[in-house]
>>> print(open('start_15.cif').read())   # mmCIF, C-alpha atoms
data_query
loop_
_atom_site.label_atom_id
_atom_site.label_comp_id
_atom_site.auth_asym_id
_atom_site.auth_seq_id
_atom_site.Cartn_x
_atom_site.Cartn_y
_atom_site.Cartn_z
CA MET F 149 89.91 -23.34 -57.20
CA PRO F 150 93.57 -23.58 -58.25
CA HIS F 151 95.07 -20.56 -59.92
CA ALA F 152 95.54 -22.42 -63.21
CA ASP F 153 91.86 -23.35 -63.28
CA ILE F 154 90.83 -19.75 -62.63
CA ALA F 155 93.04 -18.57 -65.48
CA GLY F 156 91.53 -21.23 -67.73
CA VAL F 157 87.98 -20.22 -66.88
CA GLU F 158 88.81 -16.56 -67.44
CA ALA F 159 90.46 -17.34 -70.78
CA THR F 160 87.40 -19.28 -71.89
CA ARG F 161 85.11 -16.47 -70.78
CA THR F 162 87.05 -13.84 -72.70
CA ARG F 163 87.66 -15.90 -75.85
CA LEU F 164 86.66 -13.68 -78.74
CA ARG F 165 86.64 -14.00 -82.49
CA TRP F 166 88.48 -11.71 -84.90
CA TRP F 167 85.49 -11.50 -87.23
CA THR F 168 83.45 -9.88 -84.44
CA GLU F 169 86.27 -7.77 -83.03
CA LEU F 170 87.44 -6.27 -86.32
CA PRO F 171 84.06 -4.70 -87.21
CA LEU F 172 83.80 -3.38 -83.65
CA ILE F 173 87.23 -1.69 -83.83
CA LEU F 174 86.44 -0.29 -87.28
CA LEU F 175 83.13 1.04 -85.94
CA VAL F 176 84.91 2.81 -83.06
CA TYR F 177 87.46 4.32 -85.46
CA ALA F 178 84.66 5.42 -87.81
CA CYS F 179 82.87 7.09 -84.89
CA TYR F 180 86.15 8.74 -83.87
CA SER F 181 86.73 10.09 -87.37
CA ALA F 182 83.10 11.11 -87.89
CA GLY F 183 82.94 12.76 -84.48
CA ARG F 184 86.04 14.81 -85.20
CA LEU F 185 84.58 15.81 -88.55
CA LEU F 186 81.07 16.68 -87.38
CA ALA F 187 82.01 18.46 -84.15
CA ARG F 188 83.50 21.44 -85.97
CA GLY F 189 81.85 24.11 -83.90
CA ASP F 190 82.19 27.83 -84.43
CA VAL F 191 85.64 28.91 -85.64
CA ASN F 192 85.60 32.09 -83.56
CA GLY F 193 84.62 30.06 -80.51
CA ALA F 194 87.42 27.58 -81.19
CA VAL F 195 89.94 30.42 -81.42
CA ASP F 196 88.64 31.90 -78.17
CA HIS F 197 89.04 28.54 -76.45
CA GLY F 198 92.60 28.23 -77.71
CA LEU F 199 93.51 31.70 -76.47
CA ALA F 200 91.85 30.95 -73.13
CA ILE F 201 94.06 27.88 -72.74
CA LEU F 202 97.13 30.01 -73.47
CA ASP F 203 96.00 32.51 -70.82
CA ILE F 204 95.56 29.72 -68.26
CA GLU F 205 98.99 28.33 -69.03
CA LYS F 206 100.49 31.80 -68.75
CA ALA F 207 98.86 32.23 -65.34
CA LEU F 208 100.33 28.85 -64.30
CA TYR F 209 103.77 29.77 -65.72
CA LEU F 210 103.54 26.97 -68.29
CA ASN F 211 105.10 27.60 -71.68
CA ALA F 212 106.48 24.40 -73.17
CA GLU F 213 104.92 24.92 -76.60
CA HIS F 214 106.86 27.98 -77.79
CA PRO F 215 110.44 26.74 -77.21
CA LEU F 216 109.65 23.28 -78.61
CA ASN F 217 107.94 24.74 -81.66
CA ARG F 218 110.87 27.09 -82.33
CA LEU F 219 113.29 24.16 -82.01
CA PHE F 220 111.34 21.94 -84.42
CA THR F 221 111.00 24.80 -86.90
CA ARG F 222 114.67 25.68 -86.77
CA GLU F 223 116.00 22.09 -86.93
CA PRO F 224 114.58 20.00 -89.79
CA TRP F 225 116.29 16.87 -88.47
CA LEU F 226 113.93 17.17 -85.49
CA GLY F 227 110.91 18.76 -87.12
CA VAL F 228 110.51 16.35 -90.05
CA PRO F 229 110.66 13.13 -87.96
CA ALA F 230 108.29 14.76 -85.47
CA ASP F 231 105.78 15.41 -88.23
CA PHE F 232 106.04 11.83 -89.44
CA TRP F 233 105.61 10.68 -85.83
CA TYR F 234 102.47 12.79 -85.40
CA ALA F 235 100.93 11.84 -88.76
CA SER F 236 101.64 8.09 -88.56
CA LEU F 237 102.21 6.38 -85.24
CA HIS F 238 98.86 7.37 -83.74
CA TYR F 239 97.19 5.18 -86.39
CA LEU F 240 99.76 2.36 -86.45
CA VAL F 241 100.99 1.57 -82.94
CA THR F 242 97.55 1.39 -81.31
CA PRO F 243 96.07 -1.14 -83.79
CA VAL F 244 99.25 -3.23 -83.68
CA LEU F 245 99.04 -3.46 -79.89
CA LEU F 246 95.36 -4.38 -80.09
CA VAL F 247 96.19 -7.25 -82.45
CA TRP F 248 99.09 -8.34 -80.23
CA LEU F 249 96.82 -8.38 -77.18
CA PHE F 250 94.15 -10.29 -79.07
CA ARG F 251 96.59 -12.98 -80.16
CA SER F 252 99.01 -13.22 -77.25
CA ARG F 253 97.30 -11.80 -74.16
CA THR F 254 93.71 -12.85 -74.77
CA VAL F 255 92.73 -12.80 -71.11
CA HIS F 256 93.53 -9.07 -70.91
CA TYR F 257 92.32 -8.04 -74.35
CA ARG F 258 88.69 -7.29 -73.62
CA ALA F 259 89.37 -5.05 -70.62
CA ALA F 260 92.08 -3.15 -72.51
CA ARG F 261 89.89 -2.72 -75.58
CA THR F 262 86.94 -1.51 -73.51
CA TRP F 263 89.19 0.99 -71.72
CA LEU F 264 90.42 2.38 -75.06
CA MET F 265 86.92 2.59 -76.55
CA THR F 266 85.39 4.24 -73.47
CA SER F 267 88.14 6.86 -73.33
CA THR F 268 87.83 7.57 -77.05
CA PHE F 269 84.11 8.28 -76.76
CA ILE F 270 84.77 10.58 -73.80
CA GLY F 271 87.28 12.42 -75.99
CA LEU F 272 84.64 12.83 -78.70
CA ILE F 273 82.39 14.49 -76.13
CA GLY F 274 85.24 16.90 -75.40
CA PHE F 275 85.64 17.72 -79.10
CA THR F 276 81.92 18.46 -79.31
CA LEU F 277 81.61 20.58 -76.17
CA LEU F 278 84.92 22.41 -76.46
CA PRO F 279 86.10 22.90 -80.05
CA THR F 280 89.61 24.33 -79.73
CA CYS F 281 91.90 25.96 -82.22
CA PRO F 282 95.37 24.35 -82.07
CA PRO F 283 98.40 26.62 -81.72
CA ARG F 284 99.39 26.17 -85.39
CA LEU F 285 96.14 27.79 -86.57
CA LEU F 286 96.35 30.85 -84.35
CA ASP F 287 97.40 34.18 -85.79
CA ALA F 288 101.16 34.37 -86.45
CA SER F 289 101.40 37.12 -83.83
CA HIS F 290 101.08 34.41 -81.16
CA GLY F 291 104.44 33.01 -82.20
CA PHE F 292 103.58 29.52 -83.51
CA VAL F 293 104.64 27.90 -86.79
CA ASP F 294 102.69 25.05 -88.35
CA THR F 295 105.55 22.59 -88.85
CA MET F 296 103.40 20.21 -90.87
CA ALA F 297 102.78 22.97 -93.38
CA HIS F 298 106.39 24.14 -93.07
CA TYR F 299 107.71 20.65 -93.94
CA SER F 300 104.80 19.52 -96.13
CA SER F 301 107.14 18.82 -99.06
CA TYR F 302 108.79 16.05 -97.01
CA GLY F 303 105.68 13.97 -96.36
CA TRP F 304 102.29 12.86 -97.66
CA TRP F 305 100.35 15.25 -95.45
CA GLY F 306 99.14 18.55 -96.83
CA GLY F 307 99.48 22.05 -95.49
CA GLU F 308 95.97 22.00 -94.00
CA ALA F 309 96.21 19.12 -91.55
CA SER F 310 97.84 15.76 -90.85
CA ALA F 311 95.48 14.19 -93.40
CA PRO F 312 96.87 13.12 -96.79
CA LYS F 313 97.35 15.89 -99.32
CA GLY F 314 94.09 17.20 -100.69
CA LEU F 315 92.03 15.66 -97.88
CA GLY F 316 92.53 18.32 -95.23
CA GLY F 317 88.88 19.30 -95.51
CA LEU F 318 87.87 15.80 -94.37
CA THR F 319 89.21 16.24 -90.87
CA ASN F 320 88.27 18.55 -88.03
CA GLN F 321 91.24 20.76 -87.34
CA TYR F 322 89.61 22.19 -84.21
CA ALA F 323 89.52 18.90 -82.29
CA ALA F 324 92.49 19.75 -80.11
CA MET F 325 91.02 19.35 -76.61
CA PRO F 326 91.68 16.72 -75.33
CA SER F 327 94.68 15.31 -77.17
CA LEU F 328 93.85 11.70 -78.01
CA HIS F 329 97.30 11.44 -79.60
CA VAL F 330 98.62 11.65 -76.05
CA GLY F 331 95.74 9.61 -74.63
CA TRP F 332 96.20 6.69 -77.00
CA ALA F 333 99.98 6.84 -76.55
CA LEU F 334 99.48 6.61 -72.79
CA TRP F 335 97.22 3.57 -73.30
CA CYS F 336 99.94 1.96 -75.42
CA GLY F 337 102.53 2.68 -72.77
CA VAL F 338 100.44 1.12 -70.00
CA ILE F 339 99.73 -1.98 -72.11
CA LEU F 340 103.41 -2.44 -72.95
CA TRP F 341 104.47 -1.95 -69.35
CA ARG F 342 101.94 -4.36 -67.89
CA TYR F 343 101.93 -7.17 -70.42
CA SER F 344 105.32 -7.18 -72.15
CA GLY F 345 108.16 -9.17 -70.71
CA THR F 346 111.24 -7.51 -72.17
CA ARG F 347 113.27 -4.57 -70.94
CA LEU F 348 113.19 -2.94 -74.38
CA ALA F 349 109.39 -3.00 -74.41
CA LYS F 350 109.26 -1.38 -70.98
CA VAL F 351 111.60 1.36 -72.15
CA ALA F 352 109.28 1.91 -75.13
CA ALA F 353 106.34 1.98 -72.70
CA ILE F 354 107.84 5.08 -71.08
CA ALA F 355 109.36 6.68 -74.17
CA TYR F 356 106.37 6.46 -76.51
CA PRO F 357 103.85 8.58 -74.53
CA LEU F 358 106.60 10.97 -73.40
CA ILE F 359 107.90 11.59 -76.94
CA THR F 360 104.35 11.88 -78.28
CA THR F 361 103.62 14.61 -75.73
CA ILE F 362 106.72 16.52 -76.86
CA VAL F 363 105.82 16.01 -80.53
CA VAL F 364 102.24 17.30 -80.27
CA MET F 365 103.51 20.51 -78.67
CA GLY F 366 106.59 20.94 -80.86
CA THR F 367 104.54 20.59 -84.05
CA ALA F 368 102.06 23.15 -82.65
CA ASN F 369 99.17 20.70 -82.87
CA HIS F 370 98.31 20.80 -79.16
CA TYR F 371 98.76 22.84 -76.03
CA PHE F 372 100.29 21.35 -72.91
CA LEU F 373 96.87 21.38 -71.24
CA ASP F 374 95.49 19.39 -74.20
CA ALA F 375 98.01 16.69 -73.35
CA VAL F 376 97.04 16.81 -69.67
CA ALA F 377 93.38 16.52 -70.66
CA GLY F 378 94.19 13.52 -72.88
CA ALA F 379 95.81 11.74 -69.94
CA ALA F 380 92.83 12.66 -67.71
CA VAL F 381 90.38 11.25 -70.26
CA MET F 382 92.27 7.95 -70.22
CA GLY F 383 92.09 7.94 -66.44
CA VAL F 384 88.33 8.46 -66.45
CA GLY F 385 87.96 5.81 -69.14
CA LEU F 386 89.94 3.35 -67.02
CA LEU F 387 87.60 3.95 -64.07
CA LEU F 388 84.46 3.60 -66.20
CA ALA F 389 85.59 0.58 -68.22
CA PRO F 390 84.48 -2.07 -65.65
CA TYR F 391 81.00 -0.54 -65.51
CA VAL F 392 80.83 -0.47 -69.30
CA THR F 393 81.88 -4.14 -69.42
CA ARG F 394 79.21 -5.17 -66.91
CA THR F 395 76.56 -3.19 -68.79
CA MET F 396 77.53 -4.88 -72.05
CA ASP F 397 77.45 -8.30 -70.36
CA ARG F 398 73.96 -7.69 -68.96
CA ALA F 399 72.72 -6.47 -72.33
CA ARG F 400 74.20 -9.51 -74.05
CA ALA F 401 72.66 -11.85 -71.47
CA GLN F 402 69.22 -10.25 -71.84
CA PHE F 403 69.47 -10.39 -75.62
CA GLY F 404 70.49 -14.03 -75.50
CA THR F 405 67.65 -14.91 -73.14
CA ARG F 406 65.11 -13.11 -75.30
CA ASN F 407 66.28 -14.95 -78.41
CA ALA F 408 66.76 -18.36 -76.84
CA THR F 409 64.76 -21.21 -78.45
CA PRO F 410 62.19 -22.47 -75.90
CA VAL F 411 62.09 -26.21 -75.15
CA PRO F 412 58.52 -27.56 -75.46
CA VAL F 413 57.24 -29.17 -72.29
CA GLY F 414 54.11 -31.28 -72.24
CA SER F 415 51.87 -31.85 -69.22
CA GLY F 416 53.46 -34.39 -66.95
CA ASP F 417 56.52 -34.73 -69.17
CA ALA F 418 60.11 -34.02 -68.21
CA ALA F 419 61.68 -30.71 -69.24
CA SER F 420 63.81 -32.40 -71.90
CA PRO F 421 62.34 -33.67 -75.19
CA ILE F 422 61.65 -37.36 -75.61
CA VAL F 423 64.48 -39.25 -77.23
CA SER F 424 63.79 -42.72 -78.51
CA GLY F 425 66.04 -44.82 -80.65
CA GLY F 426 68.18 -41.82 -81.55
CA CYS F 427 65.14 -39.88 -82.81
CA GLN F 428 64.14 -36.64 -81.08
CA THR F 429 60.38 -36.12 -80.89
CA SER F 430 58.07 -33.41 -79.66
CA ALA F 431 56.55 -33.66 -76.20
CA GLY F 432 53.82 -36.33 -76.11
CA GLU F 433 54.62 -37.64 -79.59
CA ARG F 434 55.42 -41.33 -80.16
CA ILE F 435 57.25 -42.70 -83.13
CA PRO F 436 55.52 -45.61 -84.87
CA ARG F 437 55.61 -48.96 -82.98
CA GLN F 438 57.05 -47.23 -79.90
CA ARG F 439 55.90 -49.27 -76.90
CA GLU F 440 54.52 -47.53 -73.85
CA SER F 441 56.22 -48.33 -70.60
CA ARG F 442 54.29 -50.62 -68.27
CA PHE F 443 56.16 -49.25 -65.30
CA GLY F 444 55.49 -46.21 -63.15
CA SER F 445 57.46 -43.05 -63.17
CA GLY F 446 61.02 -43.63 -62.05
CA ALA F 447 60.83 -47.43 -62.34
CA GLU F 448 63.15 -49.28 -64.64
CA PRO F 449 62.00 -52.17 -66.82
CA SER F 450 63.74 -55.50 -66.32
CA ALA F 451 66.09 -56.69 -69.01
CA SER F 452 64.49 -58.72 -71.79
CA PRO F 453 65.94 -62.04 -72.90
CA GLN F 454 67.41 -60.32 -75.91
CA ASP F 455 69.39 -58.06 -73.59
CA ALA F 456 70.85 -60.82 -71.50
CA GLY F 457 73.63 -61.52 -73.94
CA ASP F 458 75.45 -58.19 -73.90
CA GLY F 459 74.07 -56.45 -70.84
CA ALA F 460 73.01 -53.35 -72.83
CA PRO F 461 69.65 -51.80 -71.93
CA ALA F 462 66.84 -52.49 -74.36
CA LYS F 463 65.95 -49.75 -76.80
CA ALA F 464 62.48 -48.77 -77.72
CA ARG F 465 61.45 -50.22 -81.02
#
>>> encode(input="start_15.cif", output="structure tokens")
Amino acid sequence: MPHADIAGVEATRTRLRWWTELPLILLVYACYSAGRLLARGDVNGAVDHGLAILDIEKALYLNAEHPLNRLFTREPWLGVPADFWYASLHYLVTPVLLVWLFRSRTVHYRAARTWLMTSTFIGLIGFTLLPTCPPRLLDASHGFVDTMAHYSSYGWWGGEASAPKGLGGLTNQYAAMPSLHVGWALWCGVILWRYSGTRLAKVAAIAYPLITTIVVMGTANHYFLDAVAGAAVMGVGLLLAPYVTRTMDRARAQFGTRNATPVPVGSGDAASPIVSGGCQTSAGERIPRQRESRFGSGAEPSASPQDAGDGAPAKAR
């Protein structure tokens, strides 16, 4: 099959509708938000997990969080944009790229969307099993400053979290491991790199996940290992996405078969319903004045005198 035909078949197979995709995306986001909210865990346990991550990083001679956090705290021209970046782009860039894929790269949309959804649900499992206190919520003796609280007067977020002011209690502040800020940014970078055609977009594909990783550490919202875990979750999601797609296809096929309207078949009749004079009838049913064929199965009646004029086959009357 020519390459163009293959692409056409694939495009037809993956053609989706916005009115089915939008509720699906909203459902995934609702699950993401609800999962972060419900998987609060024990505060003491979350603090212990955060300190354990610091101990592991210390053993590995990793300490990117402290110098970045001090820099963002000391320099408002860096800290304020970083807080806006953290509080906004996570919820803007990803949906915009999903819409762009849906409209302009339809053939690739379903696989990319399934990868993002699968990875997000894996991240929710991580929030549930390992609630982790972010650096900004540790005791001040550990040397971290909550830049979002420090610069709260500059933005809409409150001092409690990156949620809008007064709504900090509606988000789980202990959902730090893995960092889906980094995970989603990595997804965006891969999508831009693979499917965009401009040099500027490819530069953004590298810069966006890299800057996001710096931002989540500099604002003291995540540890370096949180960022690594976010990238790992996206890798696992990428590996599992084809299996998820096949499972969804099988479930859809079984559901469609179960709900398919059966075609009535009478004894000795063909599998298709009888059609006579443009009227569809049930198996074995004759419309009034319908003449029975005097010929055996498979035989064709000869043309009647009325048919001789135009050559069209006679219709049942």
>>> closest_atom_pairs(input="start_15.cif", of="range 351-391 of chain F", to="range 270-288 of chain F", cutoff="8 Å", atoms="only C-alpha atoms", output="CSV")
residue,atom,partner,partner_atom,distance
F:Thr367,CA,F:Arg284,CA,7.7
F:Ala368,CA,F:Arg284,CA,4.9
F:Asn369,CA,F:Pro282,CA,5.3
F:His370,CA,F:Pro282,CA,5.5
F:Tyr371,CA,F:Pro283,CA,6.8
F:Gly378,CA,F:Gly271,CA,7.7
F:Val381,CA,F:Gly271,CA,6.6
F:Gly385,CA,F:Ile270,CA,7.4
>>> write_last_selection(input="start_15.cif", atoms="C-alpha atoms", output="PDB file, keeping the file's coordinate frame")
ATOM      1  CA  THR F 367     104.540  20.590 -84.050  1.00  0.00           C
ATOM      2  CA  ALA F 368     102.060  23.150 -82.650  1.00  0.00           C
ATOM      3  CA  ASN F 369      99.170  20.700 -82.870  1.00  0.00           C
ATOM      4  CA  HIS F 370      98.310  20.800 -79.160  1.00  0.00           C
ATOM      5  CA  TYR F 371      98.760  22.840 -76.030  1.00  0.00           C
ATOM      6  CA  GLY F 378      94.190  13.520 -72.880  1.00  0.00           C
ATOM      7  CA  VAL F 381      90.380  11.250 -70.260  1.00  0.00           C
ATOM      8  CA  GLY F 385      87.960   5.810 -69.140  1.00  0.00           C
TER       9      GLY F 385
END
>>> resolve_selection(input="start_15.cif", expression="the PyMOL selection byres ((chain F and resi 231) around 12)", output="short mmCIF file (atom, residue, chain, number, x, y, z; two decimals) with C-alpha atoms, in the coordinates of the input")
data_model
loop_
_atom_site.label_atom_id
_atom_site.label_comp_id
_atom_site.auth_asym_id
_atom_site.auth_seq_id
_atom_site.Cartn_x
_atom_site.Cartn_y
_atom_site.Cartn_z
CA ASN F 217 107.94 24.74 -81.66
CA PHE F 220 111.34 21.94 -84.42
CA THR F 221 111.00 24.80 -86.90
CA PRO F 224 114.58 20.00 -89.79
CA TRP F 225 116.29 16.87 -88.47
CA LEU F 226 113.93 17.17 -85.49
CA GLY F 227 110.91 18.76 -87.12
CA VAL F 228 110.51 16.35 -90.05
CA PRO F 229 110.66 13.13 -87.96
CA ALA F 230 108.29 14.76 -85.47
CA PHE F 232 106.04 11.83 -89.44
CA TRP F 233 105.61 10.68 -85.83
CA TYR F 234 102.47 12.79 -85.40
CA ALA F 235 100.93 11.84 -88.76
CA SER F 236 101.64 8.09 -88.56
CA LEU F 237 102.21 6.38 -85.24
CA HIS F 238 98.86 7.37 -83.74
CA ASP F 294 102.69 25.05 -88.35
CA THR F 295 105.55 22.59 -88.85
CA MET F 296 103.40 20.21 -90.87
CA ALA F 297 102.78 22.97 -93.38
CA HIS F 298 106.39 24.14 -93.07
CA TYR F 299 107.71 20.65 -93.94
CA SER F 300 104.80 19.52 -96.13
CA SER F 301 107.14 18.82 -99.06
CA TYR F 302 108.79 16.05 -97.01
CA GLY F 303 105.68 13.97 -96.36
CA TRP F 304 102.29 12.86 -97.66
CA TRP F 305 100.35 15.25 -95.45
CA GLY F 306 99.14 18.55 -96.83
CA GLY F 307 99.48 22.05 -95.49
CA ALA F 309 96.21 19.12 -91.55
CA SER F 310 97.84 15.76 -90.85
CA ALA F 311 95.48 14.19 -93.40
CA THR F 360 104.35 11.88 -78.28
CA ILE F 362 106.72 16.52 -76.86
CA VAL F 363 105.82 16.01 -80.53
CA VAL F 364 102.24 17.30 -80.27
CA MET F 365 103.51 20.51 -78.67
CA GLY F 366 106.59 20.94 -80.86
CA THR F 367 104.54 20.59 -84.05
CA ALA F 368 102.06 23.15 -82.65
CA ASN F 369 99.17 20.70 -82.87
#
>>> resolve_selection(input="start_15.cif", expression="the PyMOL selection byres ((chain F and resi 242) around 12)", output="PDB file with C-alpha atoms, in the frame of the given file")
ATOM      1  CA  ILE F 173      87.230  -1.690 -83.830  1.00  0.00           C
ATOM      2  CA  TYR F 177      87.460   4.320 -85.460  1.00  0.00           C
ATOM      3  CA  SER F 236     101.640   8.090 -88.560  1.00  0.00           C
ATOM      4  CA  LEU F 237     102.210   6.380 -85.240  1.00  0.00           C
ATOM      5  CA  HIS F 238      98.860   7.370 -83.740  1.00  0.00           C
ATOM      6  CA  TYR F 239      97.190   5.180 -86.390  1.00  0.00           C
ATOM      7  CA  LEU F 240      99.760   2.360 -86.450  1.00  0.00           C
ATOM      8  CA  VAL F 241     100.990   1.570 -82.940  1.00  0.00           C
ATOM      9  CA  PRO F 243      96.070  -1.140 -83.790  1.00  0.00           C
ATOM     10  CA  VAL F 244      99.250  -3.230 -83.680  1.00  0.00           C
ATOM     11  CA  LEU F 245      99.040  -3.460 -79.890  1.00  0.00           C
ATOM     12  CA  LEU F 246      95.360  -4.380 -80.090  1.00  0.00           C
ATOM     13  CA  VAL F 247      96.190  -7.250 -82.450  1.00  0.00           C
ATOM     14  CA  TRP F 248      99.090  -8.340 -80.230  1.00  0.00           C
ATOM     15  CA  LEU F 249      96.820  -8.380 -77.180  1.00  0.00           C
ATOM     16  CA  ALA F 260      92.080  -3.150 -72.510  1.00  0.00           C
ATOM     17  CA  ARG F 261      89.890  -2.720 -75.580  1.00  0.00           C
ATOM     18  CA  LEU F 264      90.420   2.380 -75.060  1.00  0.00           C
ATOM     19  CA  MET F 265      86.920   2.590 -76.550  1.00  0.00           C
ATOM     20  CA  LEU F 328      93.850  11.700 -78.010  1.00  0.00           C
ATOM     21  CA  HIS F 329      97.300  11.440 -79.600  1.00  0.00           C
ATOM     22  CA  VAL F 330      98.620  11.650 -76.050  1.00  0.00           C
ATOM     23  CA  GLY F 331      95.740   9.610 -74.630  1.00  0.00           C
ATOM     24  CA  TRP F 332      96.200   6.690 -77.000  1.00  0.00           C
ATOM     25  CA  ALA F 333      99.980   6.840 -76.550  1.00  0.00           C
ATOM     26  CA  LEU F 334      99.480   6.610 -72.790  1.00  0.00           C
ATOM     27  CA  TRP F 335      97.220   3.570 -73.300  1.00  0.00           C
ATOM     28  CA  CYS F 336      99.940   1.960 -75.420  1.00  0.00           C
ATOM     29  CA  GLY F 337     102.530   2.680 -72.770  1.00  0.00           C
ATOM     30  CA  VAL F 338     100.440   1.120 -70.000  1.00  0.00           C
ATOM     31  CA  ILE F 339      99.730  -1.980 -72.110  1.00  0.00           C
ATOM     32  CA  LEU F 340     103.410  -2.440 -72.950  1.00  0.00           C
ATOM     33  CA  TYR F 356     106.370   6.460 -76.510  1.00  0.00           C
ATOM     34  CA  PRO F 357     103.850   8.580 -74.530  1.00  0.00           C
TER      35      PRO F 357
END
>>> residues_near_point(input="start_15.cif", point="(84.7, 1.0, -65.1)", cutoff="12 Å", atoms="all atoms listed in the file", output="VMD selection string")
chain F and resid 259 to 260 262 to 267 382 to 396
>>> atom_distance(input="start_15.cif", atom1="CA of Gly291 in chain F", atom2="CA of Leu202 in chain F")
11.8 Å
>>> atom_distance(input="start_15.cif", atom1="CA of Asn211 in chain F", atom2="CA of Thr268 in chain F")
27.0 Å
>>> atom_distance(input="start_15.cif", atom1="CA of Ala377 in chain F", atom2="CA of Pro326 in chain F")
5.0 Å
>>> closest_residue(input="start_15.cif", among="F:Trp341, F:Tyr322, F:Phe372, F:Tyr257", to="Lys206 in chain F", atoms="all atoms listed in the file")
F:Phe372
>>> closest_residue(input="start_15.cif", among="F:Ile201, F:Gly193, F:Leu216, F:Leu373", to="Val293 in chain F", atoms="only C-alpha atoms")
F:Leu216
